[in-house]
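Contents: one structure, followed by commentary.
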Amino acid sequence: MVQVALAVVLLAGAGLLMRSFMRLVSVNPGFRTDHLLTLEIELPNTRYPGPREWLPFFERLTADLRALPGVIDAAGVSGLPLNENGGSVGFYAEGQPVPADNETTFVIYRLVTPGYFRTIGIPMFDGRDFSSQDLPGAQRVAVVNRTLANRYWPGQSAVGKRVAFTTRPGPDDWALVIGVVGDTHHSSLAEPIDLQLYVPYTQEPDWYPPGQLVLRTNADPTTVAAAARARVRAIDRLIPVSGIRTMEALIAASVAAPRFQLMLLSLLSVSALILATIGIYGLLAFSVALRTREIGVRTAFGASRADIARMILREGLQLTILGVAAGVLTAFAVTRWIRTLLFEVQPHDPWTFVVVTALLLGVATLACWAPARRAARVDPLVALRSE
């Protein structure tokens, strides 16, 4: 009974984590993850201090990368989704009440090169992408995600609105919203969608340049990794290139922790289930061996083989049901401690407990069947002579 109860607790935990993990990996990240290669670079501040120095480097680099065989598009960004890079800034939308100093709204802030949304596969719902005309000294522009647009301009088009990164903006602090794009997950698939704002890398002197490149290919992305690294070195051999991996690998890394938790608890639960099965079988087999004379007497007085089998099955399942009941009650009390590990699944999810209970009863029935079948085959004459 203790083994069965422990198996129920562990199986319930594993079942909850499995349902949680399945929901997590089914979340739409907000962009196309296939055929994407990512690279990390770092421009030395001494030789690339600002947008005027960044511009020729990235124009040449993205053009060279797009010219590679197998590469469809290429772009740069200061922080790819799902890797917690990038940063946040205080945000103010024109026409909104001026917030108090301790009520500033912060948005995820990314610098991107033209074509970034097209390359990574973030849909453009309204307006336009950045272009080569969005240069230093020109009208400051920005692109917002749909969550931000719906929050500040519900039922309206965000294109044409003005935003600033200070609550008391001057004439040169305003940026014109030129587009609305889809939502992406910033730090993990489990986190809610953030307010997100993108600006062209050429118009932000007080930030760091795009440090990550993304390439869309028409085949296996890893086949162009060496050529992409060579193109960066051909422009400036002193710029380090690291973190070369596919976007699918990046997403897999973002769910590595819940995957490990699921694997660990699944291993423990399967071990407990095996031990419980062996325990049920061993207990009943030993019981049948000790009760050979009793079974012979019952058979001699008219008990059929089916009666004997049912008796042994009933006794085994009674113990199992008691163990399952104790395990379910324990699991109800214990699984609330893993609430923080679950995604869109409640600790007392009824379907999980129903499946676990059915699994334990099914396995227990199979474990009881062999001893019950052996008991039903006992010859009463042989049993009585043996005594």
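Chain labels A, B, ... are given in the sequence in which chains occur in the structure tokens; within each chain residues are numbered consecutively from 1, and ligands are likewise numbered from 1 in the order shown.
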Residues flagged helix (DSSP H, G or I) by DSSP in stretch 168-265 of chain A, as number ranges by chain: A: 201-203, 221-235, 247-254, 256-265
Keeping only N, CA and C atoms, write the selected residues to a file as an mmCIF file, in the first residue's frame.
```cif
data_model
loop_
_atom_site.group_PDB
_atom_site.id
_atom_site.type_symbol
_atom_site.label_atom_id
_atom_site.label_comp_id
_atom_site.auth_asym_id
_atom_site.auth_seq_id
_atom_site.Cartn_x
_atom_site.Cartn_y
_atom_site.Cartn_z
ATOM 1 N N TYR A 201 18.468 50.937 -35.588
ATOM 2 C CA TYR A 201 19.750 51.046 -34.896
ATOM 3 C C TYR A 201 20.485 52.338 -35.233
ATOM 4 N N THR A 202 20.103 52.981 -36.337
ATOM 5 C CA THR A 202 20.790 54.200 -36.765
ATOM 6 C C THR A 202 20.328 55.434 -36.005
ATOM 7 N N GLN A 203 19.298 55.316 -35.181
ATOM 8 C CA GLN A 203 18.751 56.501 -34.514
ATOM 9 C C GLN A 203 18.842 56.427 -32.992
ATOM 10 N N PRO A 221 20.241 25.366 -41.652
ATOM 11 C CA PRO A 221 20.945 26.612 -41.325
ATOM 12 C C PRO A 221 22.411 26.404 -40.953
ATOM 13 N N THR A 222 22.739 25.258 -40.375
ATOM 14 C CA THR A 222 24.115 25.047 -39.930
ATOM 15 C C THR A 222 25.095 24.968 -41.099
ATOM 16 N N THR A 223 24.603 24.721 -42.304
ATOM 17 C CA THR A 223 25.512 24.599 -43.440
ATOM 18 C C THR A 223 26.120 25.935 -43.860
ATOM 19 N N VAL A 224 25.514 27.051 -43.417
ATOM 20 C CA VAL A 224 26.052 28.368 -43.793
ATOM 21 C C VAL A 224 26.780 29.023 -42.631
ATOM 22 N N ALA A 225 26.940 28.316 -41.516
ATOM 23 C CA ALA A 225 27.555 28.915 -40.326
ATOM 24 C C ALA A 225 28.993 29.349 -40.583
ATOM 25 N N ALA A 226 29.785 28.470 -41.179
ATOM 26 C CA ALA A 226 31.192 28.797 -41.414
ATOM 27 C C ALA A 226 31.326 29.970 -42.385
ATOM 28 N N ALA A 227 30.501 29.991 -43.441
ATOM 29 C CA ALA A 227 30.568 31.080 -44.412
ATOM 30 C C ALA A 227 30.149 32.404 -43.775
ATOM 31 N N ALA A 228 29.134 32.366 -42.894
ATOM 32 C CA ALA A 228 28.690 33.596 -42.224
ATOM 33 C C ALA A 228 29.789 34.132 -41.316
ATOM 34 N N ARG A 229 30.444 33.256 -40.580
ATOM 35 C CA ARG A 229 31.552 33.691 -39.722
ATOM 36 C C ARG A 229 32.667 34.318 -40.572
ATOM 37 N N ALA A 230 32.939 33.704 -41.719
ATOM 38 C CA ALA A 230 33.996 34.230 -42.588
ATOM 39 C C ALA A 230 33.647 35.614 -43.121
ATOM 40 N N ARG A 231 32.378 35.863 -43.422
ATOM 41 C CA ARG A 231 31.975 37.182 -43.919
ATOM 42 C C ARG A 231 32.179 38.260 -42.862
ATOM 43 N N VAL A 232 31.893 37.932 -41.602
ATOM 44 C CA VAL A 232 32.130 38.907 -40.530
ATOM 45 C C VAL A 232 33.627 39.207 -40.419
ATOM 46 N N ARG A 233 34.434 38.173 -40.449
ATOM 47 C CA ARG A 233 35.885 38.362 -40.330
ATOM 48 C C ARG A 233 36.458 39.091 -41.541
ATOM 49 N N ALA A 234 35.836 38.926 -42.698
ATOM 50 C CA ALA A 234 36.324 39.619 -43.887
ATOM 51 C C ALA A 234 36.143 41.128 -43.768
ATOM 52 N N ILE A 235 35.107 41.554 -43.046
ATOM 53 C CA ILE A 235 34.865 42.988 -42.848
ATOM 54 C C ILE A 235 35.749 43.529 -41.741
ATOM 55 N N MET A 247 17.774 28.680 -34.429
ATOM 56 C CA MET A 247 16.720 29.207 -33.567
ATOM 57 C C MET A 247 16.001 28.076 -32.846
ATOM 58 N N GLU A 248 15.878 26.929 -33.495
ATOM 59 C CA GLU A 248 15.230 25.790 -32.841
ATOM 60 C C GLU A 248 16.028 25.338 -31.631
ATOM 61 N N ALA A 249 17.378 25.389 -31.738
ATOM 62 C CA ALA A 249 18.218 25.050 -30.590
ATOM 63 C C ALA A 249 18.060 26.080 -29.485
ATOM 64 N N LEU A 250 17.908 27.340 -29.852
ATOM 65 C CA LEU A 250 17.710 28.393 -28.861
ATOM 66 C C LEU A 250 16.407 28.178 -28.106
ATOM 67 N N ILE A 251 15.346 27.813 -28.823
ATOM 68 C CA ILE A 251 14.064 27.571 -28.168
ATOM 69 C C ILE A 251 14.150 26.334 -27.282
ATOM 70 N N ALA A 252 14.859 25.300 -27.767
ATOM 71 C CA ALA A 252 15.033 24.099 -26.941
ATOM 72 C C ALA A 252 15.767 24.434 -25.645
ATOM 73 N N ALA A 253 16.761 25.326 -25.733
ATOM 74 C CA ALA A 253 17.490 25.734 -24.536
ATOM 75 C C ALA A 253 16.595 26.506 -23.579
ATOM 76 N N SER A 254 15.629 27.245 -24.121
ATOM 77 C CA SER A 254 14.745 28.044 -23.267
ATOM 78 C C SER A 254 13.800 27.178 -22.446
ATOM 79 N N ALA A 256 14.798 24.044 -21.406
ATOM 80 C CA ALA A 256 15.650 22.973 -20.887
ATOM 81 C C ALA A 256 15.334 22.653 -19.432
ATOM 82 N N ALA A 257 15.085 23.679 -18.621
ATOM 83 C CA ALA A 257 14.813 23.445 -17.202
ATOM 84 C C ALA A 257 13.530 22.638 -16.989
ATOM 85 N N PRO A 258 12.391 23.038 -17.574
ATOM 86 C CA PRO A 258 11.193 22.197 -17.386
ATOM 87 C C PRO A 258 11.340 20.811 -18.000
ATOM 88 N N ARG A 259 12.116 20.676 -19.075
ATOM 89 C CA ARG A 259 12.328 19.345 -19.662
ATOM 90 C C ARG A 259 13.097 18.454 -18.683
ATOM 91 N N PHE A 260 14.115 19.008 -18.039
ATOM 92 C CA PHE A 260 14.895 18.231 -17.067
ATOM 93 C C PHE A 260 14.038 17.834 -15.874
ATOM 94 N N GLN A 261 13.219 18.765 -15.382
ATOM 95 C CA GLN A 261 12.335 18.456 -14.256
ATOM 96 C C GLN A 261 11.377 17.336 -14.622
ATOM 97 N N LEU A 262 10.840 17.383 -15.838
ATOM 98 C CA LEU A 262 9.921 16.342 -16.293
ATOM 99 C C LEU A 262 10.625 14.990 -16.380
ATOM 100 N N MET A 263 11.827 14.971 -16.960
ATOM 101 C CA MET A 263 12.565 13.716 -17.108
ATOM 102 C C MET A 263 12.909 13.114 -15.751
ATOM 103 N N LEU A 264 13.342 13.972 -14.819
ATOM 104 C CA LEU A 264 13.730 13.470 -13.504
ATOM 105 C C LEU A 264 12.535 12.876 -12.765
ATOM 106 N N LEU A 265 11.429 13.589 -12.723
ATOM 107 C CA LEU A 265 10.266 13.090 -12.009
ATOM 108 C C LEU A 265 9.654 11.890 -12.729
#
```
When you look at A:Val163 with a cut-off of 12 Å (counting only C-alpha atoms), what residues show up, excluding the ones that are within fewer than 5 positions of it in the same chain? I need them as a compact mmCIF listing (two decimals) with C-alpha atoms, in the first residue's frame.
```txt
# COMPACT_ATOMS: atom_id res chain seq x y z
CA VAL A 89 13.27 51.69 -21.15
CA GLY A 90 10.71 53.99 -19.59
CA PHE A 91 7.88 54.71 -22.00
CA TYR A 92 5.37 57.51 -22.49
CA ALA A 93 2.64 57.74 -25.13
CA GLU A 94 1.47 61.16 -26.30
CA GLY A 95 -1.90 62.11 -24.89
CA GLN A 96 -1.70 59.74 -21.92
CA VAL A 107 8.82 48.38 -22.37
CA ARG A 140 12.77 59.43 -35.20
CA VAL A 141 10.58 56.40 -35.81
CA ALA A 142 9.52 53.31 -33.90
CA VAL A 143 7.59 50.06 -34.37
CA VAL A 144 5.45 48.67 -31.55
CA LEU A 148 1.36 47.77 -26.76
CA ALA A 149 -0.82 49.19 -29.54
CA TYR A 152 -2.58 52.54 -25.54
CA TRP A 153 -4.72 52.95 -28.66
CA ALA A 158 -1.18 53.09 -33.73
CA ARG A 168 8.66 65.19 -20.00
CA PRO A 169 9.75 64.93 -23.64
CA GLY A 170 11.21 67.82 -25.60
CA PRO A 171 10.62 68.48 -29.30
CA ASP A 172 13.43 66.10 -30.34
CA ASP A 173 12.43 63.30 -27.97
CA TRP A 174 9.32 62.16 -29.83
CA ALA A 175 9.37 59.09 -32.09
CA LEU A 176 6.69 58.48 -34.70
CA VAL A 177 5.08 55.03 -34.70
CA ILE A 178 5.34 53.72 -38.26
CA LEU A 197 9.13 48.63 -28.94
CA TYR A 198 11.62 48.52 -31.80
CA VAL A 199 13.71 51.39 -33.17
```
Residue contacts of stretch 56-72 of chain A (6 Å, only C-alpha atoms) excluding same-chain residues fewer than 5 positions away, as number ranges by chain: A: 216-218
Closest atom pairs, stretch 242-314 of chain A residues within 12 Å of stretch 344-356 of chain A, only C-alpha atoms, as CSV:
```
residue,atom,partner,partner_atom,distance
A:Ser269,CA,A:Val356,CA,10.8
A:Val270,CA,A:Val356,CA,11.8
A:Leu273,CA,A:Val356,CA,10.6
```
Point-to-point distance from atom CA of A:Trp54 to atom CA of A:His186, Å rounded to tenths: 24.8 Å
Nearest-residue call for A:Ala372, choices A:Phe286, A:Phe21, A:Phe31, A:Phe106, using only C-alpha atoms: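 Smallest separation from A:Ala372 among the options: A:Phe286.
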Separation of atom CA of A:Pro81 from atom CA of A:Pro192 in Å: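 Separating atom CA of A:Pro192 from atom CA of A:Pro81 is a distance of 13.0 Å.
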Spatial neighbours of A:Ala367, max dist 12 Å, only C-alpha atoms, sep filter under 3 positions, as a list in words: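 These residues fall inside the cut-off: Leu273, Ile274, Leu275, Ala276, Thr277, Ile278, Gly279, Ile280, Tyr281, Gly282, Leu283, Leu284, Ala285, Ile312, Leu313, Gly316, Leu317, Thr320, Leu360, Leu361, Gly362, Val363, Ala364, Ala370, Pro371, Ala372 and Arg373 of chain A.
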Resulting file, chosen residues, N, CA and C atoms, as a PDB file, in the first residue's frame:
```
ATOM      1  N   LEU A 273       6.541   2.945  -9.917  1.00  0.00           N
ATOM      2  CA  LEU A 273       5.497   2.089 -10.495  1.00  0.00           C
ATOM      3  C   LEU A 273       5.995   0.656 -10.632  1.00  0.00           C
ATOM      4  N   ILE A 274       7.228   0.495 -11.081  1.00  0.00           N
ATOM      5  CA  ILE A 274       7.797  -0.855 -11.223  1.00  0.00           C
ATOM      6  C   ILE A 274       7.903  -1.531  -9.857  1.00  0.00           C
ATOM      7  N   LEU A 275       8.386  -0.793  -8.858  1.00  0.00           N
ATOM      8  CA  LEU A 275       8.504  -1.366  -7.517  1.00  0.00           C
ATOM      9  C   LEU A 275       7.132  -1.741  -6.957  1.00  0.00           C
ATOM     10  N   ALA A 276       6.135  -0.888  -7.192  1.00  0.00           N
ATOM     11  CA  ALA A 276       4.788  -1.196  -6.708  1.00  0.00           C
ATOM     12  C   ALA A 276       4.244  -2.438  -7.395  1.00  0.00           C
ATOM     13  N   THR A 277       4.477  -2.570  -8.687  1.00  0.00           N
ATOM     14  CA  THR A 277       4.009  -3.746  -9.431  1.00  0.00           C
ATOM     15  C   THR A 277       4.672  -5.012  -8.912  1.00  0.00           C
ATOM     16  N   ILE A 278       5.987  -4.933  -8.726  1.00  0.00           N
ATOM     17  CA  ILE A 278       6.706  -6.097  -8.192  1.00  0.00           C
ATOM     18  C   ILE A 278       6.206  -6.437  -6.787  1.00  0.00           C
ATOM     19  N   GLY A 279       5.951  -5.382  -5.984  1.00  0.00           N
ATOM     20  CA  GLY A 279       5.473  -5.620  -4.621  1.00  0.00           C
ATOM     21  C   GLY A 279       4.122  -6.300  -4.596  1.00  0.00           C
ATOM     22  N   ILE A 280       3.200  -5.845  -5.448  1.00  0.00           N
ATOM     23  CA  ILE A 280       1.866  -6.457  -5.500  1.00  0.00           C
ATOM     24  C   ILE A 280       1.968  -7.912  -5.941  1.00  0.00           C
ATOM     25  N   TYR A 281       2.740  -8.132  -6.999  1.00  0.00           N
ATOM     26  CA  TYR A 281       2.890  -9.506  -7.498  1.00  0.00           C
ATOM     27  C   TYR A 281       3.548 -10.400  -6.448  1.00  0.00           C
ATOM     28  N   GLY A 282       4.617  -9.922  -5.838  1.00  0.00           N
ATOM     29  CA  GLY A 282       5.329 -10.737  -4.856  1.00  0.00           C
ATOM     30  C   GLY A 282       4.472 -11.061  -3.647  1.00  0.00           C
ATOM     31  N   LEU A 283       3.702 -10.070  -3.180  1.00  0.00           N
ATOM     32  CA  LEU A 283       2.857 -10.298  -2.006  1.00  0.00           C
ATOM     33  C   LEU A 283       1.797 -11.343  -2.298  1.00  0.00           C
ATOM     34  N   LEU A 284       1.147 -11.227  -3.427  1.00  0.00           N
ATOM     35  CA  LEU A 284       0.087 -12.188  -3.751  1.00  0.00           C
ATOM     36  C   LEU A 284       0.660 -13.571  -4.056  1.00  0.00           C
ATOM     37  N   ALA A 285       1.791 -13.606  -4.741  1.00  0.00           N
ATOM     38  CA  ALA A 285       2.396 -14.912  -5.030  1.00  0.00           C
ATOM     39  C   ALA A 285       2.779 -15.626  -3.739  1.00  0.00           C
ATOM     40  N   ILE A 312      -8.545 -14.096  -5.152  1.00  0.00           N
ATOM     41  CA  ILE A 312      -7.180 -13.570  -5.097  1.00  0.00           C
ATOM     42  C   ILE A 312      -7.123 -12.169  -5.725  1.00  0.00           C
ATOM     43  N   LEU A 313      -7.817 -12.006  -6.860  1.00  0.00           N
ATOM     44  CA  LEU A 313      -7.844 -10.688  -7.495  1.00  0.00           C
ATOM     45  C   LEU A 313      -8.467  -9.640  -6.569  1.00  0.00           C
ATOM     46  N   GLY A 316      -6.058  -8.651  -3.782  1.00  0.00           N
ATOM     47  CA  GLY A 316      -4.967  -7.804  -4.280  1.00  0.00           C
ATOM     48  C   GLY A 316      -5.434  -6.410  -4.627  1.00  0.00           C
ATOM     49  N   LEU A 317      -6.610  -6.321  -5.276  1.00  0.00           N
ATOM     50  CA  LEU A 317      -7.118  -5.008  -5.683  1.00  0.00           C
ATOM     51  C   LEU A 317      -7.611  -4.192  -4.494  1.00  0.00           C
ATOM     52  N   THR A 320      -4.635  -2.531  -3.303  1.00  0.00           N
ATOM     53  CA  THR A 320      -4.233  -1.511  -4.274  1.00  0.00           C
ATOM     54  C   THR A 320      -5.130  -0.281  -4.190  1.00  0.00           C
ATOM     55  N   LEU A 360      -2.651   2.980 -12.430  1.00  0.00           N
ATOM     56  CA  LEU A 360      -2.273   2.142 -11.285  1.00  0.00           C
ATOM     57  C   LEU A 360      -3.188   0.930 -11.159  1.00  0.00           C
ATOM     58  N   LEU A 361      -4.477   1.142 -11.319  1.00  0.00           N
ATOM     59  CA  LEU A 361      -5.404   0.016 -11.205  1.00  0.00           C
ATOM     60  C   LEU A 361      -5.188  -0.991 -12.329  1.00  0.00           C
ATOM     61  N   GLY A 362      -4.907  -0.493 -13.545  1.00  0.00           N
ATOM     62  CA  GLY A 362      -4.645  -1.406 -14.650  1.00  0.00           C
ATOM     63  C   GLY A 362      -3.394  -2.228 -14.436  1.00  0.00           C
ATOM     64  N   VAL A 363      -2.322  -1.575 -13.990  1.00  0.00           N
ATOM     65  CA  VAL A 363      -1.068  -2.293 -13.734  1.00  0.00           C
ATOM     66  C   VAL A 363      -1.248  -3.272 -12.573  1.00  0.00           C
ATOM     67  N   ALA A 364      -1.976  -2.845 -11.536  1.00  0.00           N
ATOM     68  CA  ALA A 364      -2.199  -3.727 -10.392  1.00  0.00           C
ATOM     69  C   ALA A 364      -3.007  -4.960 -10.789  1.00  0.00           C
ATOM     70  N   ALA A 370      -1.471 -12.940 -12.510  1.00  0.00           N
ATOM     71  CA  ALA A 370      -0.618 -14.133 -12.538  1.00  0.00           C
ATOM     72  C   ALA A 370      -0.774 -14.973 -11.271  1.00  0.00           C
ATOM     73  N   PRO A 371      -0.670 -14.400 -10.055  1.00  0.00           N
ATOM     74  CA  PRO A 371      -0.906 -15.230  -8.861  1.00  0.00           C
ATOM     75  C   PRO A 371      -2.327 -15.792  -8.802  1.00  0.00           C
ATOM     76  N   ALA A 372      -3.325 -14.996  -9.240  1.00  0.00           N
ATOM     77  CA  ALA A 372      -4.696 -15.494  -9.222  1.00  0.00           C
ATOM     78  C   ALA A 372      -4.861 -16.680 -10.169  1.00  0.00           C
ATOM     79  N   ARG A 373      -4.238 -16.594 -11.305  1.00  0.00           N
ATOM     80  CA  ARG A 373      -4.324 -17.699 -12.271  1.00  0.00           C
ATOM     81  C   ARG A 373      -3.639 -18.941 -11.721  1.00  0.00           C
TER      82      ARG A 373
END
```
Distance query stretch 324-327 of chain A at most 6 Å, only C-alpha atoms, self and fewer than 3 positions along chain excluded, as a ChimeraX atom specification: /A:5,8-9,321,330-331
Keeping only C-alpha atoms, take the residues you just selected and write them out as an mmCIF file, in the first residue's frame.
```
data_model
loop_
_atom_site.group_PDB
_atom_site.id
_atom_site.type_symbol
_atom_site.label_atom_id
_atom_site.label_comp_id
_atom_site.auth_asym_id
_atom_site.auth_seq_id
_atom_site.Cartn_x
_atom_site.Cartn_y
_atom_site.Cartn_z
ATOM 1 C CA ALA A 5 0.661 5.435 -2.583
ATOM 2 C CA VAL A 8 0.531 7.667 -7.188
ATOM 3 C CA VAL A 9 2.207 10.772 -5.770
ATOM 4 C CA ILE A 321 -7.374 0.624 -4.008
ATOM 5 C CA THR A 330 -1.306 12.694 -0.382
ATOM 6 C CA ALA A 331 -0.825 13.923 -3.933
#
```
So which residues touch A:Arg118 within 10 Å, counting only C-alpha atoms, skipping near sequence neighbours fewer than 6 positions away, as a PDB file with C-alpha atoms, in the first residue's frame?
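File written: result.pdb
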```pdb
ATOM      1  CA  PHE A  31       7.829  34.158 -35.239  1.00  0.00           C
ATOM      2  CA  ARG A  32       8.900  31.401 -37.631  1.00  0.00           C
ATOM      3  CA  ASP A  73      17.622  37.113 -45.758  1.00  0.00           C
ATOM      4  CA  ALA A  74      19.737  38.494 -42.919  1.00  0.00           C
ATOM      5  CA  ALA A  75      19.339  41.147 -40.241  1.00  0.00           C
ATOM      6  CA  MET A 124       3.627  43.173 -39.810  1.00  0.00           C
ATOM      7  CA  ASP A 129       9.222  48.303 -41.697  1.00  0.00           C
ATOM      8  CA  ARG A 216      16.975  32.775 -42.847  1.00  0.00           C
TER       9      ARG A 216
END
```
Straight-line distance linking atom CA of A:Glu42 with atom CA of A:Pro210, stated in Å to one decimal: 8.4 Å
